[in-house]
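What follows is the content of work23.cif (mmCIF, C-alpha atoms and all ligand atoms).
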data_input
#
loop_
_atom_site.label_atom_id
_atom_site.label_comp_id
_atom_site.auth_asym_id
_atom_site.auth_seq_id
_atom_site.Cartn_x
_atom_site.Cartn_y
_atom_site.Cartn_z
CA MET Q 30 115.62 195.08 -64.76
CA ILE Q 31 112.52 194.41 -62.61
CA ASP Q 32 114.64 192.26 -60.30
CA ALA Q 33 117.13 195.12 -59.95
CA VAL Q 34 114.35 197.59 -59.14
CA LYS Q 35 112.90 195.24 -56.54
CA GLU Q 36 116.26 194.96 -54.82
CA GLU Q 37 116.14 198.71 -54.17
CA TRP Q 38 112.39 199.26 -53.80
CA GLN Q 39 110.14 197.14 -51.61
CA GLY Q 40 106.96 199.18 -52.12
CA PRO Q 41 104.22 198.73 -54.73
CA LEU Q 42 105.65 198.38 -58.21
CA PHE Q 43 103.74 199.69 -61.23
CA VAL Q 44 105.00 199.35 -64.80
CA ARG Q 45 103.68 201.54 -67.62
CA ILE Q 46 103.32 199.79 -70.94
CA SER Q 47 102.03 200.64 -74.38
CA ALA Q 48 99.38 198.07 -75.22
CA THR Q 49 99.58 199.05 -78.88
CA ASP Q 50 101.60 201.49 -80.96
CA TYR Q 51 98.94 201.56 -83.66
CA THR Q 52 101.44 200.26 -86.18
CA GLU Q 53 101.30 197.14 -88.30
CA GLY Q 54 103.93 194.70 -87.05
CA GLY Q 55 104.29 196.72 -83.84
CA LEU Q 56 103.16 196.28 -80.26
CA THR Q 57 99.93 194.38 -79.67
CA PRO Q 58 97.82 193.70 -76.58
CA GLU Q 59 98.43 189.97 -77.08
CA VAL Q 60 102.20 190.43 -76.86
CA GLN Q 61 101.78 192.65 -73.83
CA ILE Q 62 99.54 190.09 -72.12
CA GLY Q 63 102.46 187.65 -72.36
CA TYR Q 64 104.86 190.20 -70.87
CA ALA Q 65 102.34 191.13 -68.17
CA GLY Q 66 102.15 187.49 -67.08
CA LYS Q 67 105.95 187.37 -66.80
CA MET Q 68 106.02 190.65 -64.89
CA LYS Q 69 103.43 189.29 -62.47
CA GLU Q 70 105.73 186.32 -61.78
CA GLN Q 71 108.54 188.80 -61.10
CA GLY Q 72 106.43 190.60 -58.52
CA VAL Q 73 105.09 193.57 -60.47
CA ASP Q 74 101.88 194.72 -58.76
CA LEU Q 75 100.11 196.66 -61.47
CA ILE Q 76 100.30 197.38 -65.19
CA ASP Q 77 99.71 201.06 -66.00
CA THR Q 78 98.09 200.56 -69.38
CA SER Q 79 98.84 203.22 -71.95
CA THR Q 80 99.32 203.18 -75.73
CA GLY Q 81 101.58 204.86 -78.27
CA GLY Q 82 105.29 204.60 -78.62
CA ASN Q 83 108.21 205.72 -80.68
CA VAL Q 84 106.31 205.44 -83.94
CA LEU Q 85 104.49 208.57 -85.04
CA ALA Q 86 101.22 206.82 -85.82
CA PRO Q 87 97.96 208.78 -85.57
CA ILE Q 88 96.01 208.10 -82.37
CA ASP Q 89 92.24 208.43 -82.28
CA THR Q 90 91.62 209.79 -78.79
CA PHE Q 91 88.21 209.90 -77.10
CA PRO Q 92 87.03 209.47 -73.50
CA GLY Q 93 88.36 206.20 -72.13
CA TYR Q 94 90.15 205.28 -75.37
CA GLN Q 95 92.73 203.12 -73.57
CA VAL Q 96 90.35 201.44 -71.11
CA PRO Q 97 89.69 198.35 -73.31
CA TYR Q 98 93.42 197.56 -73.14
CA ALA Q 99 93.50 197.82 -69.34
CA ASP Q 100 90.43 195.59 -69.26
CA LYS Q 101 91.90 192.98 -71.61
CA ILE Q 102 95.28 192.77 -69.88
CA ARG Q 103 93.68 192.69 -66.42
CA ASN Q 104 91.32 189.89 -67.26
CA GLU Q 105 93.55 187.80 -69.54
CA ALA Q 106 96.89 188.12 -67.73
CA GLU Q 107 95.13 188.20 -64.34
CA ILE Q 108 97.16 191.10 -63.03
CA ALA Q 109 95.92 194.41 -61.63
CA THR Q 110 95.82 197.23 -64.16
CA GLY Q 111 95.49 200.99 -64.06
CA ALA Q 112 93.40 202.76 -66.70
CA VAL Q 113 94.54 206.10 -68.11
CA GLY Q 114 93.72 208.40 -70.98
CA LEU Q 115 90.89 210.92 -71.16
CA ILE Q 116 89.21 209.74 -68.01
CA LEU Q 117 87.40 212.93 -67.21
CA ASN Q 118 84.67 212.52 -64.65
CA PRO Q 119 83.85 210.52 -61.51
CA ILE Q 120 80.94 208.56 -63.01
CA GLN Q 121 83.18 207.43 -65.88
CA ALA Q 122 85.89 206.41 -63.40
CA GLU Q 123 83.40 204.55 -61.21
CA GLU Q 124 82.03 202.63 -64.19
CA ILE Q 125 85.52 201.39 -65.06
CA LEU Q 126 86.27 200.27 -61.51
CA LYS Q 127 82.90 198.75 -60.65
CA ASN Q 128 82.77 196.77 -63.89
CA ASN Q 129 86.21 195.30 -63.07
CA ARG Q 130 87.79 196.81 -66.15
CA ALA Q 131 90.73 198.17 -64.14
CA ASP Q 132 91.85 198.39 -60.53
CA LEU Q 133 93.05 201.98 -60.48
CA ILE Q 134 92.33 205.17 -62.39
CA PHE Q 135 95.15 207.51 -63.37
CA LEU Q 136 94.39 211.12 -64.22
CA GLY Q 137 96.74 213.36 -66.17
CA ARG Q 138 95.49 216.59 -67.71
CA GLU Q 139 92.16 216.55 -65.84
CA LEU Q 140 94.03 216.89 -62.53
CA LEU Q 141 96.02 219.80 -63.95
CA ARG Q 142 92.77 221.48 -64.99
CA ASP Q 143 91.10 220.76 -61.62
CA PRO Q 144 93.41 219.83 -58.74
CA TYR Q 145 90.34 219.40 -56.48
CA TRP Q 146 88.92 216.63 -58.72
CA PRO Q 147 89.18 213.93 -56.00
CA ARG Q 148 87.23 216.07 -53.53
CA ALA Q 149 84.47 216.84 -56.03
CA ALA Q 150 84.40 213.15 -57.02
CA ALA Q 151 83.92 212.10 -53.39
CA VAL Q 152 81.01 214.52 -53.02
CA GLN Q 153 79.43 213.35 -56.28
CA LEU Q 154 79.79 209.68 -55.37
CA GLY Q 155 78.68 210.17 -51.76
CA GLU Q 156 82.02 209.17 -50.26
CA THR Q 157 84.02 210.75 -47.47
CA ILE Q 158 87.74 211.22 -47.96
CA ASP Q 159 90.28 212.37 -45.43
CA VAL Q 160 92.21 215.52 -46.15
CA PRO Q 161 95.95 214.72 -46.09
CA GLU Q 162 97.45 215.91 -42.80
CA PRO Q 163 99.67 218.67 -44.25
CA TYR Q 164 96.57 220.23 -45.85
CA GLN Q 165 94.22 220.00 -42.89
CA ARG Q 166 94.74 223.58 -41.66
CA GLY Q 167 93.84 224.76 -45.15
CA TRP Q 168 90.32 223.36 -44.75
CA ARG Q 169 89.59 225.11 -41.44
CA PHE Q 170 88.17 228.55 -40.97
CA LYS Q 171 89.85 229.28 -37.65
C1 LIG I 1 99.68 211.88 -79.15
C2 LIG I 1 99.79 211.03 -77.92
C3 LIG I 1 101.03 210.57 -77.50
C4 LIG I 1 101.16 209.76 -76.38
N1 LIG I 1 102.38 209.35 -76.02
C5 LIG I 1 102.52 208.56 -74.95
C6 LIG I 1 103.81 208.10 -74.56
O1 LIG I 1 104.81 208.40 -75.20
N2 LIG I 1 103.91 207.32 -73.46
C7 LIG I 1 102.82 206.97 -72.75
O2 LIG I 1 102.94 206.25 -71.77
N3 LIG I 1 101.58 207.39 -73.11
C8 LIG I 1 101.41 208.16 -74.18
N4 LIG I 1 100.15 208.59 -74.55
C9 LIG I 1 98.99 208.10 -73.83
C10 LIG I 1 98.92 208.52 -72.39
O3 LIG I 1 98.15 207.56 -71.73
C11 LIG I 1 98.32 209.91 -72.20
O4 LIG I 1 99.05 210.90 -72.82
C12 LIG I 1 98.14 210.37 -70.76
O5 LIG I 1 98.80 209.59 -69.82
C13 LIG I 1 96.70 210.34 -70.61
O6 LIG I 1 96.25 210.98 -69.46
P1 LIG I 1 95.13 212.09 -69.50
O7 LIG I 1 94.25 211.88 -70.71
O8 LIG I 1 94.39 211.87 -68.21
O9 LIG I 1 95.85 213.37 -69.56
C14 LIG I 1 100.00 209.39 -75.65
C15 LIG I 1 98.77 209.85 -76.08
C16 LIG I 1 98.65 210.64 -77.18
C17 LIG I 1 97.28 211.12 -77.59
#

Could you render the structure as structure tokens?
Ligand SMILES: Cc1cc2nc3c(=O)[nH]c(=O)nc-3n(C[C@H](O)[C@H](O)[C@H](O)COP(=O)(O)O)c2cc1C
Amino acid sequence: MIDAVKEEWQGPLFVRISATDYTEGGLTPEVQIGYAGKMKEQGVDLIDTSTGGNVLAPIDTFPGYQVPYADKIRNEAEIATGAVGLILNPIQAEEILKNNRADLIFLGRELLRDPYWPRAAAVQLGETIDVPEPYQRGWRFK
């Protein structure tokens, strides 16, 4: 399947996985580390590290609850990972990236709540980001 995708798409390829489905006998990070290594050989660029699955197991959610899985897969399979799941503020995101626990941060609901999150994050972290060209007129006052 990855080979078929790569025939059609030559850009960056991310694959979302569930590192665990919280079920005995189910998906485990160790199994996924094996798959991640194979995907790396096939040219996958990044593992988008989530959890859950088709089994209705209870999930204990708290800020950064899936980050340890992104960290483990990144550092044991030696492939770039993206961290996702209740990543809520810029300092939290920076901690994950600077401590090499993941290579990218994905935001879901927090971006729905605050679409200007990246701009506020840049201000808070003392960075300058370019406004995408189609939006530039929206930032001017004349
Ligand atoms: C009850 C529940 C179900 C979830 N189901 C899935 C799923 O089916 N597929 C998936 O990739 N992630 C699933 N997730 C984890 C995702 O990482 C998460 O919903 C979302 O991407 C997190 O982003 P956010 O916290 O920034 O909104 C689930 C999480 C919870 C708490």

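With all atoms listed in the file as the atoms that count, the minimum distance from Q:Phe135 to the choices Q:Thr157, Q:Gln71, Q:Asn118, Q:Asp89 is reached by Q:Asn118.
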
Could you pull the residues within 9 Å of Q:Glu107, counting all atoms listed in the file, minus those fewer than 5 positions along the same chain, as JSON, numbers by chain?
{"Q": [65, 66, 69, 102]}

Give me the residues within 9 Å of Q:Gly72 as a PyMOL selection string, counting all atoms listed in the file and dropping any in the same chain fewer than 4 places off.
chain Q and resi 31-32+35+42+67-68

Residues within 8 Å of ligand LIG 1 (chain I), counting all atoms listed in the file, as an MDAnalysis selection string:
chainID Q and resid 45:47 78:83 87:90 95 113:117 135:140

Output C-alpha atoms for every residue in the selection just made, as a PDB file, keeping the file's coordinate frame.
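This is the output file part.pdb:
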ATOM      1  CA  ARG Q  45     103.680 201.540 -67.620  1.00  0.00           C
ATOM      2  CA  ILE Q  46     103.320 199.790 -70.940  1.00  0.00           C
ATOM      3  CA  SER Q  47     102.030 200.640 -74.380  1.00  0.00           C
ATOM      4  CA  THR Q  78      98.090 200.560 -69.380  1.00  0.00           C
ATOM      5  CA  SER Q  79      98.840 203.220 -71.950  1.00  0.00           C
ATOM      6  CA  THR Q  80      99.320 203.180 -75.730  1.00  0.00           C
ATOM      7  CA  GLY Q  81     101.580 204.860 -78.270  1.00  0.00           C
ATOM      8  CA  GLY Q  82     105.290 204.600 -78.620  1.00  0.00           C
ATOM      9  CA  ASN Q  83     108.210 205.720 -80.680  1.00  0.00           C
ATOM     10  CA  PRO Q  87      97.960 208.780 -85.570  1.00  0.00           C
ATOM     11  CA  ILE Q  88      96.010 208.100 -82.370  1.00  0.00           C
ATOM     12  CA  ASP Q  89      92.240 208.430 -82.280  1.00  0.00           C
ATOM     13  CA  THR Q  90      91.620 209.790 -78.790  1.00  0.00           C
ATOM     14  CA  GLN Q  95      92.730 203.120 -73.570  1.00  0.00           C
ATOM     15  CA  VAL Q 113      94.540 206.100 -68.110  1.00  0.00           C
ATOM     16  CA  GLY Q 114      93.720 208.400 -70.980  1.00  0.00           C
ATOM     17  CA  LEU Q 115      90.890 210.920 -71.160  1.00  0.00           C
ATOM     18  CA  ILE Q 116      89.210 209.740 -68.010  1.00  0.00           C
ATOM     19  CA  LEU Q 117      87.400 212.930 -67.210  1.00  0.00           C
ATOM     20  CA  PHE Q 135      95.150 207.510 -63.370  1.00  0.00           C
ATOM     21  CA  LEU Q 136      94.390 211.120 -64.220  1.00  0.00           C
ATOM     22  CA  GLY Q 137      96.740 213.360 -66.170  1.00  0.00           C
ATOM     23  CA  ARG Q 138      95.490 216.590 -67.710  1.00  0.00           C
ATOM     24  CA  GLU Q 139      92.160 216.550 -65.840  1.00  0.00           C
ATOM     25  CA  LEU Q 140      94.030 216.890 -62.530  1.00  0.00           C
TER      26      LEU Q 140
END

Using only C-alpha atoms, which of the listed residues (Q:Gly63, Q:Pro163, Q:Gly155, Q:Pro41) sits closest to Q:Glu105?
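Nearest to Q:Glu105: Q:Gly63.
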
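Taking atom CA of Q:Val60 as the reference point, atom CA of Q:Ile125 is found at 23.2 Å.
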
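Each of Q:Thr52, Q:Thr57, Q:Gln153, Q:Gln165 was compared to Q:Ile120 using only C-alpha atoms, and Q:Gln153 turns out to be the nearest.
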